[in-house]
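Data from my_file-v8.cif: mmCIF, C-alpha atoms
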```
data_structure
loop_
_atom_site.group_PDB
_atom_site.id
_atom_site.type_symbol
_atom_site.label_atom_id
_atom_site.label_comp_id
_atom_site.auth_asym_id
_atom_site.auth_seq_id
_atom_site.Cartn_x
_atom_site.Cartn_y
_atom_site.Cartn_z
ATOM 1 C CA MET A 1 30.161 16.667 -155.497
ATOM 2 C CA LEU A 2 31.992 18.506 -152.746
ATOM 3 C CA THR A 3 35.384 17.554 -151.455
ATOM 4 C CA LEU A 4 35.595 16.561 -147.819
ATOM 5 C CA GLU A 5 37.252 19.903 -147.010
ATOM 6 C CA GLN A 6 34.490 21.893 -148.787
ATOM 7 C CA GLN A 7 31.817 19.910 -146.981
ATOM 8 C CA GLN A 8 33.466 20.388 -143.576
ATOM 9 C CA ARG A 9 33.998 24.130 -144.098
ATOM 10 C CA SER A 10 30.409 24.505 -145.277
ATOM 11 C CA LEU A 11 29.115 22.571 -142.273
ATOM 12 C CA LEU A 12 31.175 24.756 -139.919
ATOM 13 C CA ALA A 13 29.720 27.884 -141.543
ATOM 14 C CA ILE A 14 26.187 26.506 -141.177
ATOM 15 C CA VAL A 15 26.693 25.611 -137.513
ATOM 16 C CA ARG A 16 28.146 29.062 -136.806
ATOM 17 C CA GLY A 17 25.206 30.675 -138.607
ATOM 18 C CA HIS A 18 27.241 32.153 -141.451
ATOM 19 C CA SER A 19 26.488 32.051 -145.133
ATOM 20 C CA PHE A 20 28.720 29.911 -147.278
ATOM 21 C CA LYS A 21 29.520 29.654 -150.959
ATOM 22 C CA ALA A 22 29.732 26.080 -152.071
ATOM 23 C CA PRO A 23 28.110 24.057 -154.818
ATOM 24 C CA SER A 24 24.759 22.552 -153.933
ATOM 25 C CA ASP A 25 24.942 19.540 -151.656
ATOM 26 C CA PRO A 26 21.750 17.681 -150.684
ATOM 27 C CA TRP A 27 23.057 16.660 -147.263
ATOM 28 C CA LEU A 28 24.129 20.220 -146.357
ATOM 29 C CA GLU A 29 20.774 21.565 -147.542
ATOM 30 C CA GLU A 30 19.053 19.036 -145.286
ATOM 31 C CA VAL A 31 21.246 20.068 -142.333
ATOM 32 C CA GLN A 32 20.564 23.741 -142.985
ATOM 33 C CA ALA A 33 16.799 23.187 -142.962
ATOM 34 C CA SER A 34 16.763 20.903 -139.904
ATOM 35 C CA SER A 35 15.149 21.778 -136.601
ATOM 36 C CA GLY A 36 18.215 20.315 -134.900
ATOM 37 C CA LEU A 37 20.318 23.148 -136.287
ATOM 38 C CA LYS A 38 18.038 25.686 -134.624
ATOM 39 C CA MET A 39 18.461 23.773 -131.369
ATOM 40 C CA ILE A 40 22.264 23.861 -131.750
ATOM 41 C CA HIS A 41 22.147 27.642 -132.273
ATOM 42 C CA THR A 42 19.940 28.024 -129.197
ATOM 43 C CA ILE A 43 22.269 25.889 -127.083
ATOM 44 C CA ALA A 44 25.356 27.730 -128.323
ATOM 45 C CA LEU A 45 23.811 31.109 -127.455
ATOM 46 C CA TRP A 46 22.807 29.767 -124.041
ATOM 47 C CA TRP A 47 26.373 28.624 -123.324
ATOM 48 C CA GLN A 48 27.804 31.943 -124.482
ATOM 49 C CA ARG A 49 25.328 33.770 -122.255
ATOM 50 C CA PHE A 50 26.188 31.507 -119.321
ATOM 51 C CA GLN A 51 29.914 32.142 -119.794
ATOM 52 C CA ILE A 52 29.417 35.914 -120.011
ATOM 53 C CA GLU A 53 27.282 35.914 -116.857
ATOM 54 C CA TRP A 54 29.872 33.820 -115.018
ATOM 55 C CA GLN A 55 33.031 35.606 -116.212
ATOM 56 C CA CYS A 56 31.631 39.168 -116.450
ATOM 57 C CA ARG A 57 29.344 39.148 -113.469
ATOM 58 C CA TYR A 58 29.233 42.902 -112.805
ATOM 59 C CA THR A 59 28.861 43.926 -116.436
ATOM 60 C CA SER A 60 26.086 41.394 -117.016
ATOM 61 C CA ARG A 61 24.298 42.441 -113.809
ATOM 62 C CA LEU A 62 24.418 46.098 -114.859
ATOM 63 C CA MET A 63 23.247 45.272 -118.389
ATOM 64 C CA LYS A 64 20.286 43.352 -116.974
ATOM 65 C CA ARG A 65 19.365 46.384 -114.841
ATOM 66 C CA LEU A 66 19.585 48.571 -117.932
ATOM 67 C CA GLY A 67 17.418 46.078 -119.851
ATOM 68 C CA CYS A 68 19.942 45.540 -122.627
ATOM 69 C CA PHE A 69 21.656 42.255 -121.752
ATOM 70 C CA GLU A 70 19.697 39.792 -123.900
ATOM 71 C CA SER A 71 19.400 42.026 -126.962
ATOM 72 C CA TYR A 72 23.047 43.091 -126.821
ATOM 73 C CA LEU A 73 24.228 39.479 -126.532
ATOM 74 C CA ALA A 74 22.111 38.329 -129.458
ATOM 75 C CA ASP A 75 23.258 41.237 -131.607
ATOM 76 C CA HIS A 76 26.901 40.898 -130.586
ATOM 77 C CA PHE A 77 27.147 37.180 -131.289
ATOM 78 C CA SER A 78 25.260 37.476 -134.575
ATOM 79 C CA LYS A 79 27.971 39.882 -135.791
ATOM 80 C CA HIS A 80 31.034 38.381 -134.093
ATOM 81 C CA PRO A 81 31.733 34.664 -134.137
ATOM 82 C CA ALA A 82 32.526 33.320 -130.709
ATOM 83 C CA PRO A 83 36.244 32.749 -130.215
ATOM 84 C CA PRO A 84 37.441 29.286 -129.186
ATOM 85 C CA SER A 85 38.344 30.045 -125.557
ATOM 86 C CA ILE A 86 36.317 31.429 -122.672
ATOM 87 C CA GLU A 87 39.030 34.006 -121.964
ATOM 88 C CA GLU A 88 38.874 35.336 -125.515
ATOM 89 C CA LEU A 89 35.061 35.271 -125.448
ATOM 90 C CA THR A 90 34.854 37.411 -122.319
ATOM 91 C CA ALA A 91 37.617 39.789 -123.423
ATOM 92 C CA GLN A 92 35.934 40.251 -126.820
ATOM 93 C CA PHE A 93 32.572 40.877 -125.194
ATOM 94 C CA LEU A 94 33.872 43.380 -122.618
ATOM 95 C CA ALA A 95 35.965 45.208 -125.233
ATOM 96 C CA SER A 96 32.873 45.515 -127.445
ATOM 97 C CA LEU A 97 31.289 47.747 -124.788
ATOM 98 C CA GLU A 98 34.061 50.350 -125.020
ATOM 99 C CA HIS A 99 31.856 52.716 -127.052
ATOM 100 C CA HIS A 100 28.495 51.896 -125.462
ATOM 101 C CA GLU A 101 26.265 54.930 -124.928
ATOM 102 C CA ASP A 102 26.006 54.376 -121.160
ATOM 103 C CA PRO A 103 29.108 55.755 -119.381
ATOM 104 C CA LEU A 104 28.600 53.597 -116.295
ATOM 105 C CA LEU A 105 28.404 50.434 -118.392
ATOM 106 C CA ARG A 106 31.598 51.441 -120.218
ATOM 107 C CA SER A 107 33.380 51.930 -116.881
ATOM 108 C CA VAL A 108 32.221 48.658 -115.343
ATOM 109 C CA ALA A 109 33.114 46.694 -118.483
ATOM 110 C CA ARG A 110 36.549 48.339 -118.642
ATOM 111 C CA LEU A 111 37.163 47.507 -114.983
ATOM 112 C CA GLU A 112 36.322 43.848 -115.524
ATOM 113 C CA LEU A 113 38.376 43.703 -118.722
ATOM 114 C CA THR A 114 41.358 45.205 -116.893
ATOM 115 C CA CYS A 115 41.018 42.625 -114.119
ATOM 116 C CA ILE A 116 40.896 39.783 -116.647
ATOM 117 C CA GLU A 117 43.841 41.142 -118.639
ATOM 118 C CA SER A 118 45.941 41.692 -115.521
ATOM 119 C CA LYS A 119 45.971 37.927 -114.937
ATOM 120 C CA THR A 120 47.700 37.228 -118.250
ATOM 121 C CA ALA A 121 49.183 40.429 -119.678
ATOM 122 C CA PRO A 122 52.148 42.484 -118.543
ATOM 123 C CA ALA A 123 51.088 45.101 -116.050
ATOM 124 C CA ASN A 124 50.201 48.380 -117.729
ATOM 125 C CA THR A 125 48.490 51.133 -115.804
ATOM 126 C CA THR A 126 44.880 51.586 -116.838
ATOM 127 C CA THR A 127 42.811 54.671 -116.089
ATOM 128 C CA ILE A 128 39.023 54.462 -115.911
ATOM 129 C CA PHE A 129 36.799 57.506 -115.471
ATOM 130 C CA TRP A 130 33.570 57.224 -113.492
ATOM 131 C CA ASP A 131 30.629 59.592 -113.060
ATOM 132 C CA ARG A 132 30.005 58.258 -109.533
ATOM 133 C CA ASN A 133 31.928 56.463 -106.813
ATOM 134 C CA PRO A 134 33.167 53.157 -108.286
ATOM 135 C CA ASN A 135 33.382 51.497 -104.868
ATOM 136 C CA GLN A 136 29.708 52.191 -104.250
ATOM 137 C CA VAL A 137 28.792 51.000 -107.767
ATOM 138 C CA MET A 138 30.612 47.685 -107.413
ATOM 139 C CA ASP A 139 29.218 47.169 -103.915
ATOM 140 C CA ALA A 140 25.665 47.815 -105.169
ATOM 141 C CA LEU A 141 26.133 45.398 -108.086
ATOM 142 C CA ASP A 142 27.610 42.796 -105.763
ATOM 143 C CA ARG A 143 24.712 43.064 -103.313
ATOM 144 C CA PHE A 144 21.975 43.630 -105.955
ATOM 145 C CA ALA A 145 21.316 46.966 -104.225
ATOM 146 C CA LYS A 146 20.292 50.325 -105.670
ATOM 147 C CA LEU A 147 23.011 51.971 -107.741
ATOM 148 C CA PRO A 148 24.368 55.329 -106.592
ATOM 149 C CA GLU A 149 23.339 58.312 -108.676
ATOM 150 C CA PRO A 150 25.857 60.138 -110.896
ATOM 151 C CA GLU A 151 27.534 63.037 -109.167
ATOM 152 C CA PRO A 152 27.252 66.223 -111.238
ATOM 153 C CA LYS A 153 30.535 68.082 -111.745
ATOM 154 C CA VAL A 154 32.499 65.221 -110.168
ATOM 155 C CA ARG A 155 34.707 62.639 -111.796
ATOM 156 C CA TYR A 156 36.314 59.656 -110.156
ATOM 157 C CA ILE A 157 39.638 58.568 -111.593
ATOM 158 C CA LEU A 158 40.348 54.902 -110.989
ATOM 159 C CA ARG A 159 43.859 53.746 -111.850
ATOM 160 C CA MET A 160 44.940 50.119 -111.862
ATOM 161 C CA GLY A 161 48.467 48.862 -112.378
ATOM 162 C CA ALA A 162 51.373 47.024 -110.799
ATOM 163 C CA ASP A 163 53.267 50.292 -110.291
ATOM 164 C CA LEU A 164 50.604 51.588 -107.859
ATOM 165 C CA PRO A 165 50.624 50.838 -104.116
ATOM 166 C CA GLY A 166 48.195 47.969 -103.682
ATOM 167 C CA GLY A 167 47.688 47.900 -107.451
ATOM 168 C CA ILE A 168 44.844 50.429 -107.434
ATOM 169 C CA SER A 169 44.067 54.058 -106.632
ATOM 170 C CA CYS A 170 40.891 56.082 -106.817
ATOM 171 C CA LYS A 171 40.673 59.852 -106.646
ATOM 172 C CA ARG A 172 37.626 62.106 -106.589
ATOM 173 C CA GLN A 173 38.017 65.170 -108.779
ATOM 174 C CA VAL A 174 35.659 68.160 -108.676
ATOM 175 C CA LEU A 175 35.241 69.587 -112.163
ATOM 176 C CA ARG A 176 35.117 73.306 -112.753
ATOM 177 C CA ALA A 177 32.157 74.798 -114.561
#
```
Translate this file's structure into structure tokens.
Amino acid sequence: MLTLEQQQRSLLAIVRGHSFKAPSDPWLEEVQASSGLKMIHTIALWWQRFQIEWQCRYTSRLMKRLGCFESYLADHFSKHPAPPSIEELTAQFLASLEHHEDPLLRSVARLELTCIESKTAPANTTTIFWDRNPNQVMDALDRFAKLPEPEPKVRYILRMGADLPGGISCKRQVLRA
């Protein structure tokens, strides 16, 4: 027979979709096999998705255009348990895109993460590199319009920080061959 603590920890692991190591317990086995548990997992993923769409609107819009939003979310949350707060959830999600293969997605996610962090963290200057005009990208995502094409041999350097006039600067840099 399990102690109350063992049973509660095992139940938490089941609800979160993790494996657990505890002696056999008929009630936990019944919970694990129930259709209600599948419904709880579906609802939890729906809420996580809803929060990401709400808090990370530009990143989620871009991911939907790239056709990777649903699969990335499912994969991400299967590997990383959702943190307890919405702020941590969105920061974890945006930070997870730091090494994504798409450079535009990395830039948009970093921009949103910087905006979220600037509300709570001390002001550090952040530099984000773009392969196209970030103002045009954000405008297109905001209006659901066509995204601008990358500009060959051009890099935009977006800096954000309290030490900058207006908190932000963007410079276009032509790269040499």
I need the output of the PyMOL selection byres ((chain A and resi 47-64) around 9) for this file as a PDB file with C-alpha atoms, keeping the file's coordinate frame; which residues are they?
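New file out_39.pdb:
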```pdb
ATOM      1  CA  THR A  42      19.940  28.024-129.197  1.00  0.00           C
ATOM      2  CA  ILE A  43      22.269  25.889-127.083  1.00  0.00           C
ATOM      3  CA  ALA A  44      25.356  27.730-128.323  1.00  0.00           C
ATOM      4  CA  LEU A  45      23.811  31.109-127.455  1.00  0.00           C
ATOM      5  CA  TRP A  46      22.807  29.767-124.041  1.00  0.00           C
ATOM      6  CA  ARG A  65      19.365  46.384-114.841  1.00  0.00           C
ATOM      7  CA  LEU A  66      19.585  48.571-117.932  1.00  0.00           C
ATOM      8  CA  GLY A  67      17.418  46.078-119.851  1.00  0.00           C
ATOM      9  CA  CYS A  68      19.942  45.540-122.627  1.00  0.00           C
ATOM     10  CA  PHE A  69      21.656  42.255-121.752  1.00  0.00           C
ATOM     11  CA  GLU A  70      19.697  39.792-123.900  1.00  0.00           C
ATOM     12  CA  TYR A  72      23.047  43.091-126.821  1.00  0.00           C
ATOM     13  CA  LEU A  73      24.228  39.479-126.532  1.00  0.00           C
ATOM     14  CA  PHE A  77      27.147  37.180-131.289  1.00  0.00           C
ATOM     15  CA  ALA A  82      32.526  33.320-130.709  1.00  0.00           C
ATOM     16  CA  ILE A  86      36.317  31.429-122.672  1.00  0.00           C
ATOM     17  CA  GLU A  87      39.030  34.006-121.964  1.00  0.00           C
ATOM     18  CA  LEU A  89      35.061  35.271-125.448  1.00  0.00           C
ATOM     19  CA  THR A  90      34.854  37.411-122.319  1.00  0.00           C
ATOM     20  CA  PHE A  93      32.572  40.877-125.194  1.00  0.00           C
ATOM     21  CA  LEU A  94      33.872  43.380-122.618  1.00  0.00           C
ATOM     22  CA  LEU A 104      28.600  53.597-116.295  1.00  0.00           C
ATOM     23  CA  LEU A 105      28.404  50.434-118.392  1.00  0.00           C
ATOM     24  CA  ARG A 106      31.598  51.441-120.218  1.00  0.00           C
ATOM     25  CA  VAL A 108      32.221  48.658-115.343  1.00  0.00           C
ATOM     26  CA  ALA A 109      33.114  46.694-118.483  1.00  0.00           C
ATOM     27  CA  GLU A 112      36.322  43.848-115.524  1.00  0.00           C
ATOM     28  CA  LEU A 113      38.376  43.703-118.722  1.00  0.00           C
ATOM     29  CA  ILE A 116      40.896  39.783-116.647  1.00  0.00           C
ATOM     30  CA  MET A 138      30.612  47.685-107.413  1.00  0.00           C
ATOM     31  CA  LEU A 141      26.133  45.398-108.086  1.00  0.00           C
ATOM     32  CA  ASP A 142      27.610  42.796-105.763  1.00  0.00           C
ATOM     33  CA  PHE A 144      21.975  43.630-105.955  1.00  0.00           C
TER      34      PHE A 144
END
```
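Residues in contact with Gly17 of chain A at 9 Å, where all atoms listed in the file are counted and same-chain residues fewer than 4 positions away are skipped, are listed as A:Leu12, A:Ala13, A:His41, A:Ser78, A:Pro81.
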Same residues, C-alpha atoms, saved as a JSON list (two decimals), in the frame of the given file:
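File result-v8.json, as written:
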```
[["chain", "number", "residue", "atom", "x", "y", "z"],
["A", 12, "LEU", "CA", 31.18, 24.76, -139.92],
["A", 13, "ALA", "CA", 29.72, 27.88, -141.54],
["A", 41, "HIS", "CA", 22.15, 27.64, -132.27],
["A", 78, "SER", "CA", 25.26, 37.48, -134.57],
["A", 81, "PRO", "CA", 31.73, 34.66, -134.14]]
```
> Hey, can you check how far atom CA of Glu151 of chain A sits from atom CA of Gln136 of chain A?
Replying inline: 12.1 Å
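One finds atom CA of Ser107 of chain A at 11.5 Å from atom CA of Thr126 of chain A.
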> Could you work out how far atom CA of Ile157 of chain A lies from atom CA of Trp130 of chain A, giving the answer in Å with one decimal?
Replying inline: 6.5 Å
Picked residues, the PyMOL selection byres ((chain A and resi 129) around 9), expected as a short mmCIF file (atom, residue, chain, number, x, y, z; two decimals) with C-alpha atoms, in the coordinates of the input:
```cif
data_model
loop_
_atom_site.label_atom_id
_atom_site.label_comp_id
_atom_site.auth_asym_id
_atom_site.auth_seq_id
_atom_site.Cartn_x
_atom_site.Cartn_y
_atom_site.Cartn_z
CA PRO A 103 29.11 55.76 -119.38
CA SER A 107 33.38 51.93 -116.88
CA THR A 127 42.81 54.67 -116.09
CA ILE A 128 39.02 54.46 -115.91
CA TRP A 130 33.57 57.22 -113.49
CA ASP A 131 30.63 59.59 -113.06
CA ARG A 155 34.71 62.64 -111.80
CA TYR A 156 36.31 59.66 -110.16
CA ILE A 157 39.64 58.57 -111.59
CA LEU A 158 40.35 54.90 -110.99
CA ARG A 159 43.86 53.75 -111.85
#
```
